[in-house]
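Enquirer: Sharing a structure here in structure tokens format.
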Amino acid sequence: MWLKAIPTELSENEFRTVELNGQRILIGRASKGYFAVLDQCSHQKLALSEADGLPGRIHRDLLECPHHGAKFDPYTGQARGLPAVRPIKAFQVKEEDGFVWVYME
Ligand code: FES
């Protein structure tokens, strides 16, 4: 089902985290628009959004984990930089009525 997540007010390379369906989801915006991923790195299952106050970041269309620097394609979830080799969970998104919607099973 589609879940209403956040207003479409992020600038490029910004992100926010929200709780949806009991899961922490990172919603961000890169050059191809909005994306949504589970806020959990595939390396050591730590948060992608922050590490001791240091935020994760979106740089050159990749989402970078603040813990050990793994990089991911935020649209597909595929790992694009060590130490991660496995993908993160990416969700389908759409923009409608001024909001970002996330599709969750
Ligand atoms: S937990 Fe993300 S790179 Fe290690």
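Chain labels follow the order of the structure tokens: the first chain is A, the next B, and so on; residue numbering restarts at 1 in every chain, and ligands are counted from 1 in their shown order.
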Identify, on the basis of only C-alpha atoms, every residue whose closest approach to A:Leu10 does not exceed 10 Å; exclude the query and any residue fewer than 4 positions from it along the same chain; express the result as an MDAnalysis selection string.

Expert: chainID A and resid 6 14:16 27:30 33:34

Enquirer: Would you mind listing what lies within 6 Å of A:Ala36 as number ranges by chain, with only C-alpha atoms counted and same-chain residues fewer than 2 positions away left out?

Expert: A: 26-27, 90-91

Enquirer: Counting only C-alpha atoms and all ligand atoms, which residue out of A:Ala5, A:Val102, A:Cys41, A:Ala79 sits closest to ligand 1?

Expert: A:Cys41

Enquirer: Which residues are near ligand 1 - at most 10 Å, using only C-alpha atoms and all ligand atoms? Format: as a list in words.

Expert: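 So the residues close to ligand 1 are Gln40, Cys41, Ser42, His43, Gln44, Lys45, Leu46, Ala47, Leu48, Ser49, Glu50, Ala51, Gly56, Glu64, Cys65, Pro66, His67, His68, Gly69, Ala70, Lys71, Phe72, Gly81, Leu82, Pro83, Ala84 and Val85 of chain A.
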
Enquirer: Enumerate as number ranges by chain all residues of stretch 1-95 of chain A assigned to strand (DSSP E) by DSSP on the backbone, naming them with the chain letters and numbers the document uses.

Expert: A: 2-7, 15-20, 23-30, 33-38, 50-51, 54-55, 57-59, 62-64, 71-72, 79-81, 90-91, 93-95

Enquirer: What would the file look like if the residues just selected were written as a CSV table (one decimal), in the first residue's frame with N, CA and C atoms?

Expert:
```csv
chain,number,residue,atom,x,y,z
A,2,TRP,N,0.3,2.3,-0.5
A,2,TRP,CA,1.0,3.6,-0.6
A,2,TRP,C,0.8,4.3,0.8
A,3,LEU,N,1.9,4.8,1.4
A,3,LEU,CA,1.8,5.5,2.6
A,3,LEU,C,2.3,6.9,2.4
A,4,LYS,N,1.6,7.9,2.9
A,4,LYS,CA,1.9,9.3,2.9
A,4,LYS,C,3.1,9.5,3.8
A,5,ALA,N,4.2,10.1,3.3
A,5,ALA,CA,5.4,10.1,4.2
A,5,ALA,C,5.8,11.6,4.6
A,6,ILE,N,6.2,12.4,3.7
A,6,ILE,CA,6.7,13.8,4.0
A,6,ILE,C,6.2,14.7,2.9
A,7,PRO,N,6.1,16.0,3.3
A,7,PRO,CA,5.8,17.0,2.2
A,7,PRO,C,7.0,17.1,1.3
A,15,PHE,N,17.9,14.9,3.2
A,15,PHE,CA,17.1,13.8,3.5
A,15,PHE,C,16.4,14.0,4.9
A,16,ARG,N,15.4,13.1,5.2
A,16,ARG,CA,14.7,13.1,6.5
A,16,ARG,C,14.5,11.6,6.8
A,17,THR,N,14.3,11.4,8.1
A,17,THR,CA,13.9,10.0,8.4
A,17,THR,C,12.5,10.1,9.0
A,18,VAL,N,11.7,9.1,8.7
A,18,VAL,CA,10.3,9.0,9.2
A,18,VAL,C,10.1,7.5,9.7
A,19,GLU,N,9.1,7.4,10.5
A,19,GLU,CA,8.7,6.0,10.9
A,19,GLU,C,7.4,5.7,10.1
A,20,LEU,N,7.5,4.6,9.3
A,20,LEU,CA,6.4,4.1,8.5
A,20,LEU,C,6.2,2.7,8.7
A,23,GLN,N,8.8,0.9,10.7
A,23,GLN,CA,10.2,0.9,10.3
A,23,GLN,C,10.7,2.3,10.1
A,24,ARG,N,12.0,2.5,10.3
A,24,ARG,CA,12.6,3.8,10.1
A,24,ARG,C,13.1,3.9,8.7
A,25,ILE,N,12.5,4.9,8.0
A,25,ILE,CA,12.7,5.0,6.5
A,25,ILE,C,13.4,6.4,6.3
A,26,LEU,N,14.5,6.3,5.5
A,26,LEU,CA,15.2,7.5,5.1
A,26,LEU,C,14.7,7.9,3.7
A,27,ILE,N,14.1,9.2,3.7
A,27,ILE,CA,13.6,9.7,2.4
A,27,ILE,C,14.5,10.9,2.0
A,28,GLY,N,15.0,10.8,0.8
A,28,GLY,CA,15.9,11.9,0.4
A,28,GLY,C,15.7,12.3,-1.0
A,29,ARG,N,16.4,13.3,-1.5
A,29,ARG,CA,16.3,13.8,-2.8
A,29,ARG,C,17.7,13.9,-3.5
A,30,ALA,N,17.9,13.2,-4.6
A,30,ALA,CA,19.1,13.4,-5.4
A,30,ALA,C,18.7,13.9,-6.7
A,33,GLY,N,15.4,12.9,-8.4
A,33,GLY,CA,14.1,13.0,-7.6
A,33,GLY,C,14.2,12.3,-6.2
A,34,TYR,N,13.0,12.1,-5.7
A,34,TYR,CA,13.0,11.5,-4.3
A,34,TYR,C,13.3,10.0,-4.4
A,35,PHE,N,13.8,9.5,-3.2
A,35,PHE,CA,14.0,8.1,-3.0
A,35,PHE,C,13.7,7.7,-1.6
A,36,ALA,N,13.4,6.5,-1.3
A,36,ALA,CA,13.2,6.0,0.1
A,36,ALA,C,13.9,4.7,0.3
A,37,VAL,N,14.6,4.6,1.4
A,37,VAL,CA,15.3,3.4,1.7
A,37,VAL,C,15.1,3.1,3.2
A,38,LEU,N,15.3,1.8,3.6
A,38,LEU,CA,15.3,1.5,5.0
A,38,LEU,C,16.5,2.1,5.6
A,50,GLU,N,22.6,8.6,10.6
A,50,GLU,CA,23.6,9.3,11.5
A,50,GLU,C,24.4,8.3,12.3
A,51,ALA,N,25.6,8.9,12.7
A,51,ALA,CA,26.5,8.1,13.5
A,51,ALA,C,27.1,9.1,14.5
A,54,LEU,N,26.8,12.6,13.6
A,54,LEU,CA,27.3,12.9,12.2
A,54,LEU,C,26.3,12.4,11.2
A,55,PRO,N,25.8,13.2,10.4
A,55,PRO,CA,24.7,12.7,9.5
A,55,PRO,C,25.3,11.9,8.3
A,57,ARG,N,25.2,11.2,4.2
A,57,ARG,CA,25.1,12.3,3.2
A,57,ARG,C,24.8,11.7,1.8
A,58,ILE,N,24.3,12.6,1.0
A,58,ILE,CA,24.0,12.3,-0.4
A,58,ILE,C,25.0,13.1,-1.2
A,59,HIS,N,25.8,12.4,-2.0
A,59,HIS,CA,26.9,13.0,-2.7
A,59,HIS,C,27.0,12.3,-4.1
A,62,LEU,N,24.9,9.3,-4.7
A,62,LEU,CA,25.1,8.1,-3.9
A,62,LEU,C,24.8,8.5,-2.4
A,63,LEU,N,24.2,7.6,-1.7
A,63,LEU,CA,24.0,7.7,-0.3
A,63,LEU,C,25.2,7.1,0.5
A,64,GLU,N,25.8,7.9,1.3
A,64,GLU,CA,27.0,7.5,2.0
A,64,GLU,C,26.7,7.2,3.5
A,71,LYS,N,28.8,3.2,0.2
A,71,LYS,CA,28.0,4.0,-0.6
A,71,LYS,C,27.0,3.1,-1.3
A,72,PHE,N,25.8,3.7,-1.5
A,72,PHE,CA,24.7,3.0,-2.2
A,72,PHE,C,24.0,3.9,-3.2
A,79,ALA,N,24.8,-1.7,-3.6
A,79,ALA,CA,26.0,-1.2,-3.0
A,79,ALA,C,26.9,-0.7,-4.1
A,80,ARG,N,27.5,0.5,-3.8
A,80,ARG,CA,28.4,1.1,-4.8
A,80,ARG,C,29.8,1.4,-4.2
A,81,GLY,N,30.0,1.1,-3.0
A,81,GLY,CA,31.3,1.4,-2.4
A,81,GLY,C,31.5,0.6,-1.1
A,90,ALA,N,15.4,-0.7,-0.8
A,90,ALA,CA,14.9,0.5,-1.5
A,90,ALA,C,13.4,0.4,-1.7
A,91,PHE,N,12.6,1.4,-1.6
A,91,PHE,CA,11.2,1.4,-1.8
A,91,PHE,C,10.8,2.3,-3.0
A,93,VAL,N,8.7,5.1,-4.7
A,93,VAL,CA,8.1,6.4,-4.2
A,93,VAL,C,7.4,7.1,-5.3
A,94,LYS,N,6.5,8.0,-4.9
A,94,LYS,CA,5.8,8.8,-5.9
A,94,LYS,C,5.5,10.1,-5.2
A,95,GLU,N,5.3,11.2,-6.0
A,95,GLU,CA,5.0,12.5,-5.5
A,95,GLU,C,3.5,12.7,-5.9
```

Enquirer: Counting only C-alpha atoms, which of A:Thr76, A:Asn21, A:Asn13, A:Ser31 gets nearest to A:Tyr103?

Expert: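 Once distances to A:Tyr103 are computed over only C-alpha atoms, the minimum belongs to A:Asn21.
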
Enquirer: With only C-alpha atoms as the atoms that count, which of A:Lys32, A:Asp39, A:Thr8, A:Met1 lies nearest to A:Gly98?

Expert: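 For A:Gly98, the nearest of the given residues is A:Thr8.
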
Enquirer: What does the distance from atom CA of A:Arg60 to atom CA of A:Asp97 come to in Å, to one decimal?

Expert: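 Value for the atom CA of A:Arg60-atom CA of A:Asp97 distance: 28.1 Å.
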